[in-house]
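Structure first, commentary second.
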Amino acid sequence: MRILILGGTTQASQLARALAARPDIDPLLSLAGRTQNPLPAPIPSRTGGFGGVDGLFSFLGAQRIDAVIDATHPFAAQMSAHAREASARAGVALLVFSRPPWTPDEGDDWTDVANMQEAVAALGEKPRRVFLTQGRLQLAAFAAAPQHFYLVRAIDEPAELALLPNRRFVPARGPFALQDELALMREERIEILVSKNSGGEATSAKLLAARLLGVKVVLVARPPGANAAEVFQLDDVLRWIEAHRPAP
Ligand SMILES: NC(=O)c1ccc[n+]([C@@H]2O[C@H](COP(=O)([O-])OP(=O)(O)OC[C@H]3O[C@@H](n4cnc5c(N)ncnc54)[C@H](OP(=O)(O)O)[C@@H]3O)[C@@H](O)[C@H]2O)c1
């Protein structure tokens with residue numbers, strides 16, 4: 001069974017590891033190519049866009065893909081939309097392997113916003129010490145509020161960093177441990193944390209650290225979701241694969 005995994009997440013890596021040793025499955029991991037030095041994949045992989053819906057549709061046919069597992073990041077809305085359209089057109093089964101959004105607990109001080117522009121507005125006028133953890137993407141939005149100090153964390157240094165006059169860049173790749181998050185936020189005297197509501201355990205320690213330190217959190221909501229089948233557990237993916245085996 002030939003399976004295309006759309007990757008770039010912990011879920012995709014987890015699935016790739018689970019399928020690597022399976023002689024009955026021929027998996028292919030696809031990465032967008034945004035990260036300069038991605039972790040080595042345990043299964044064959046390809047890098048770069050497909051060329052829109054038409055490109056992906058052709059790819060599914062040329063590679064004789066039996067099923068697509070969309071394990072892209074919850075904020076990678078365009079890739080997911082293309083996957084839905086191309087797989088429906090090609091008659092190829094599609095499953096979304098994701099993680100549930102984070103929800104606040106007692107002691108959390110969260111402000112939910114719809115997008116990065118609203119996140120900037122939620123920081124207010126008064127200069128604050130802000131921890132930006134949304135990665136490279138949409139950093140430019142914060143140029144509209146240059147009065148704040150920004151601690152920017154991402155895997156690769158973003159070109160847009162130069163747009164923020166008062167900032168420090170921390171190169172880092174998750175998962176992140178609570179003790180490290182506490183130490184970093186204390187050391188930088190962080191007052192507000194900005195994050196996408198990505199969900200998942202690899203990057204949730206910052207939210208617990210914020211609660212323990214009384215740091216406000218501005219959380220950007222996920223883009224409007226799809227109506228494709230979605231699961232959050234590896235076991236459910238493996239069961240779905242069994243149920244979608246092509247007839248011999
Ligand atoms: N957005 C985030 O916050 C975030 C966070 C962590 C990781 N990631 C990962 O980074 C990648 C890019 O994210 P994004 O938000 O830029 O995506 P996006 O806006 O949904 O996608 C933009 C374009 O990038 C290409 N692309 C995206 N994911 C791909 C994949 N797995 N394989 C091949 N091409 C892919 C597609 O190009 P074509 O139209 O040419 O096919 C897609 O139309 C994704 O793989 C995602 O899982 C994203």
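So you can find residues: chains in the structure tokens are A, B, ... in the order shown, residues in each start at 1, and ligands are numbered from 1 in order.
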Next item on the list: For Asp105 of chain A, work out the shell of residues within 12 Å, counting only C-alpha atoms and skipping chain neighbours fewer than 4 positions away, then give it as a ChimeraX atom specification.
Entry: /A:109-110,207-208,210-212
Using the selection just defined, write its residues with C-alpha atoms as a short mmCIF file (atom, residue, chain, number, x, y, z; two decimals), in the first residue's frame.
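Full text of part33.cif as output:
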```cif
data_model
loop_
_atom_site.label_atom_id
_atom_site.label_comp_id
_atom_site.auth_asym_id
_atom_site.auth_seq_id
_atom_site.Cartn_x
_atom_site.Cartn_y
_atom_site.Cartn_z
CA ASP A 109 -4.63 34.07 31.69
CA TRP A 110 -5.31 33.55 27.99
CA LEU A 207 1.91 27.44 28.50
CA LEU A 208 2.47 25.74 31.83
CA ALA A 210 3.34 31.03 31.66
CA ARG A 211 0.73 29.86 34.19
CA LEU A 212 3.36 29.27 36.88
#
```
Check: Near Ala71 of chain A, within 10 Å and counting only C-alpha atoms, which residues show up once chain neighbours fewer than 5 positions away are dropped, as a list in words?
Finding: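 Using only C-alpha atoms, the neighbours found are Leu4, Ile5, Leu6, Gly7, Gly8, Thr9, Thr10, Gln11, Ala12, Ser13, Gln14, Leu15, Leu29, Ser30, Ala76, Ser80, Leu95, Val96, Phe97, Ser98, Arg99 and Glu230 of chain A.
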Please, which residues in chain A fall within 9 Å of ligand 1 when counting only C-alpha atoms and all ligand atoms, and what is the closest atom pair and distance in Å to one decimal for each, ordered by chain then residue number, as JSON lines?
```
{"residue": "A:Ile5", "atom": "CA", "partner": "ligand 1", "partner_atom_place_in_ligand_line": "31 (N)", "distance": 7.6}
{"residue": "A:Leu6", "atom": "CA", "partner": "ligand 1", "partner_atom_place_in_ligand_line": "31 (N)", "distance": 4.1}
{"residue": "A:Gly7", "atom": "CA", "partner": "ligand 1", "partner_atom_place_in_ligand_line": "31 (N)", "distance": 4.3}
{"residue": "A:Gly8", "atom": "CA", "partner": "ligand 1", "partner_atom_place_in_ligand_line": "47 (O)", "distance": 3.8}
{"residue": "A:Thr9", "atom": "CA", "partner": "ligand 1", "partner_atom_place_in_ligand_line": "47 (O)", "distance": 5.5}
{"residue": "A:Thr10", "atom": "CA", "partner": "ligand 1", "partner_atom_place_in_ligand_line": "7 (C)", "distance": 8.9}
{"residue": "A:Ala12", "atom": "CA", "partner": "ligand 1", "partner_atom_place_in_ligand_line": "47 (O)", "distance": 8.5}
{"residue": "A:Leu29", "atom": "CA", "partner": "ligand 1", "partner_atom_place_in_ligand_line": "31 (N)", "distance": 7.8}
{"residue": "A:Ser30", "atom": "CA", "partner": "ligand 1", "partner_atom_place_in_ligand_line": "32 (N)", "distance": 4.3}
{"residue": "A:Leu31", "atom": "CA", "partner": "ligand 1", "partner_atom_place_in_ligand_line": "32 (N)", "distance": 4.0}
{"residue": "A:Ala32", "atom": "CA", "partner": "ligand 1", "partner_atom_place_in_ligand_line": "35 (C)", "distance": 3.7}
{"residue": "A:Gly33", "atom": "CA", "partner": "ligand 1", "partner_atom_place_in_ligand_line": "11 (C)", "distance": 7.2}
{"residue": "A:Arg34", "atom": "CA", "partner": "ligand 1", "partner_atom_place_in_ligand_line": "10 (O)", "distance": 6.1}
{"residue": "A:Thr35", "atom": "CA", "partner": "ligand 1", "partner_atom_place_in_ligand_line": "10 (O)", "distance": 7.7}
{"residue": "A:Arg46", "atom": "CA", "partner": "ligand 1", "partner_atom_place_in_ligand_line": "32 (N)", "distance": 7.8}
{"residue": "A:Thr47", "atom": "CA", "partner": "ligand 1", "partner_atom_place_in_ligand_line": "33 (C)", "distance": 6.2}
{"residue": "A:Gly48", "atom": "CA", "partner": "ligand 1", "partner_atom_place_in_ligand_line": "33 (C)", "distance": 4.9}
{"residue": "A:Gly49", "atom": "CA", "partner": "ligand 1", "partner_atom_place_in_ligand_line": "40 (O)", "distance": 3.4}
{"residue": "A:Phe50", "atom": "CA", "partner": "ligand 1", "partner_atom_place_in_ligand_line": "41 (O)", "distance": 3.5}
{"residue": "A:Gly51", "atom": "CA", "partner": "ligand 1", "partner_atom_place_in_ligand_line": "40 (O)", "distance": 3.4}
{"residue": "A:Gly52", "atom": "CA", "partner": "ligand 1", "partner_atom_place_in_ligand_line": "39 (O)", "distance": 3.5}
{"residue": "A:Val53", "atom": "CA", "partner": "ligand 1", "partner_atom_place_in_ligand_line": "39 (O)", "distance": 6.6}
{"residue": "A:Asp54", "atom": "CA", "partner": "ligand 1", "partner_atom_place_in_ligand_line": "41 (O)", "distance": 8.7}
{"residue": "A:Gly55", "atom": "CA", "partner": "ligand 1", "partner_atom_place_in_ligand_line": "41 (O)", "distance": 6.7}
{"residue": "A:Leu56", "atom": "CA", "partner": "ligand 1", "partner_atom_place_in_ligand_line": "41 (O)", "distance": 6.3}
{"residue": "A:Asp70", "atom": "CA", "partner": "ligand 1", "partner_atom_place_in_ligand_line": "31 (N)", "distance": 8.0}
{"residue": "A:Ala71", "atom": "CA", "partner": "ligand 1", "partner_atom_place_in_ligand_line": "47 (O)", "distance": 6.8}
{"residue": "A:Thr72", "atom": "CA", "partner": "ligand 1", "partner_atom_place_in_ligand_line": "47 (O)", "distance": 3.4}
{"residue": "A:His73", "atom": "CA", "partner": "ligand 1", "partner_atom_place_in_ligand_line": "47 (O)", "distance": 3.9}
{"residue": "A:Pro74", "atom": "CA", "partner": "ligand 1", "partner_atom_place_in_ligand_line": "1 (N)", "distance": 7.1}
{"residue": "A:Phe75", "atom": "CA", "partner": "ligand 1", "partner_atom_place_in_ligand_line": "1 (N)", "distance": 4.3}
{"residue": "A:Ala76", "atom": "CA", "partner": "ligand 1", "partner_atom_place_in_ligand_line": "20 (O)", "distance": 3.3}
{"residue": "A:Ala77", "atom": "CA", "partner": "ligand 1", "partner_atom_place_in_ligand_line": "20 (O)", "distance": 4.3}
{"residue": "A:Gln78", "atom": "CA", "partner": "ligand 1", "partner_atom_place_in_ligand_line": "20 (O)", "distance": 3.5}
{"residue": "A:Met79", "atom": "CA", "partner": "ligand 1", "partner_atom_place_in_ligand_line": "20 (O)", "distance": 3.8}
{"residue": "A:Ser80", "atom": "CA", "partner": "ligand 1", "partner_atom_place_in_ligand_line": "20 (O)", "distance": 6.2}
{"residue": "A:Ala81", "atom": "CA", "partner": "ligand 1", "partner_atom_place_in_ligand_line": "20 (O)", "distance": 7.7}
{"residue": "A:His82", "atom": "CA", "partner": "ligand 1", "partner_atom_place_in_ligand_line": "43 (O)", "distance": 6.8}
{"residue": "A:Ala83", "atom": "CA", "partner": "ligand 1", "partner_atom_place_in_ligand_line": "41 (O)", "distance": 8.8}
{"residue": "A:Gln134", "atom": "CA", "partner": "ligand 1", "partner_atom_place_in_ligand_line": "3 (O)", "distance": 6.5}
{"residue": "A:Gly135", "atom": "CA", "partner": "ligand 1", "partner_atom_place_in_ligand_line": "3 (O)", "distance": 6.8}
{"residue": "A:Arg136", "atom": "CA", "partner": "ligand 1", "partner_atom_place_in_ligand_line": "3 (O)", "distance": 8.3}
{"residue": "A:Leu137", "atom": "CA", "partner": "ligand 1", "partner_atom_place_in_ligand_line": "3 (O)", "distance": 6.7}
{"residue": "A:Lys196", "atom": "CA", "partner": "ligand 1", "partner_atom_place_in_ligand_line": "3 (O)", "distance": 7.3}
{"residue": "A:Ser198", "atom": "CA", "partner": "ligand 1", "partner_atom_place_in_ligand_line": "3 (O)", "distance": 7.5}
```
Pull C-alpha atoms from the residues just selected and write them as a JSON list (two decimals), in the first residue's frame.
```json
[["chain", "number", "residue", "atom", "x", "y", "z"],
["A", 5, "ILE", "CA", 2.40, 11.45, 4.32],
["A", 6, "LEU", "CA", 2.24, 15.24, 4.21],
["A", 7, "GLY", "CA", 4.65, 16.19, 6.92],
["A", 8, "GLY", "CA", 6.43, 18.83, 8.83],
["A", 9, "THR", "CA", 5.16, 17.85, 12.28],
["A", 10, "THR", "CA", 5.77, 15.55, 15.24],
["A", 12, "ALA", "CA", 4.32, 12.95, 10.65],
["A", 29, "LEU", "CA", 7.08, 11.52, 3.36],
["A", 30, "SER", "CA", 6.61, 14.94, 1.79],
["A", 31, "LEU", "CA", 8.14, 18.07, 3.30],
["A", 32, "ALA", "CA", 7.59, 21.65, 2.19],
["A", 33, "GLY", "CA", 11.29, 22.43, 2.54],
["A", 34, "ARG", "CA", 10.89, 25.38, 4.90],
["A", 35, "THR", "CA", 13.39, 24.14, 7.49],
["A", 46, "ARG", "CA", 10.66, 14.23, -1.13],
["A", 47, "THR", "CA", 10.89, 17.99, -0.61],
["A", 48, "GLY", "CA", 9.11, 21.01, -2.08],
["A", 49, "GLY", "CA", 5.64, 22.07, -3.19],
["A", 50, "PHE", "CA", 3.63, 19.99, -5.66],
["A", 51, "GLY", "CA", 2.49, 22.97, -7.72],
["A", 52, "GLY", "CA", -0.99, 23.55, -6.33],
["A", 53, "VAL", "CA", -4.00, 21.24, -6.51],
["A", 54, "ASP", "CA", -3.29, 20.24, -10.11],
["A", 55, "GLY", "CA", 0.31, 19.39, -9.28],
["A", 56, "LEU", "CA", -0.70, 17.24, -6.33],
["A", 70, "ASP", "CA", -2.29, 14.89, 6.00],
["A", 71, "ALA", "CA", -0.02, 15.30, 9.03],
["A", 72, "THR", "CA", 0.78, 18.94, 8.32],
["A", 73, "HIS", "CA", 0.67, 21.57, 11.03],
["A", 74, "PRO", "CA", -2.86, 22.73, 12.00],
["A", 75, "PHE", "CA", -1.93, 26.18, 10.63],
["A", 76, "ALA", "CA", -0.81, 24.85, 7.23],
["A", 77, "ALA", "CA", -4.30, 25.53, 5.85],
["A", 78, "GLN", "CA", -3.38, 25.81, 2.20],
["A", 79, "MET", "CA", -1.64, 22.44, 1.98],
["A", 80, "SER", "CA", -4.57, 20.80, 3.77],
["A", 81, "ALA", "CA", -7.09, 22.40, 1.41],
["A", 82, "HIS", "CA", -5.07, 21.25, -1.60],
["A", 83, "ALA", "CA", -4.88, 17.73, -0.15],
["A", 134, "GLN", "CA", 4.94, 31.25, 16.40],
["A", 135, "GLY", "CA", 8.07, 30.54, 14.40],
["A", 136, "ARG", "CA", 9.26, 32.41, 11.38],
["A", 137, "LEU", "CA", 5.88, 32.90, 9.82],
["A", 196, "LYS", "CA", -0.55, 29.75, 17.81],
["A", 198, "SER", "CA", -1.02, 24.41, 17.65]]
```
Checklist line | Nearest residue to Leu19 of chain A from the set A:Ala62, A:Gln36, A:Ala41, A:Ala243 (distances using only C-alpha atoms) | finding: A:Ala41
Next item on the list: Taking the DSSP assignment computed from this structure's backbone, write out as a ChimeraX atom specification all residues of segment 6-74 of chain A that belong to strand (DSSP E).
Entry: /A:6,26-31,45-47,67-70
Next item on the list: Run DSSP on the backbone and grab whatever in segment 1-239 of chain A lands in helix (DSSP H, G or I); send it over as a count of residues only.
Entry: 79
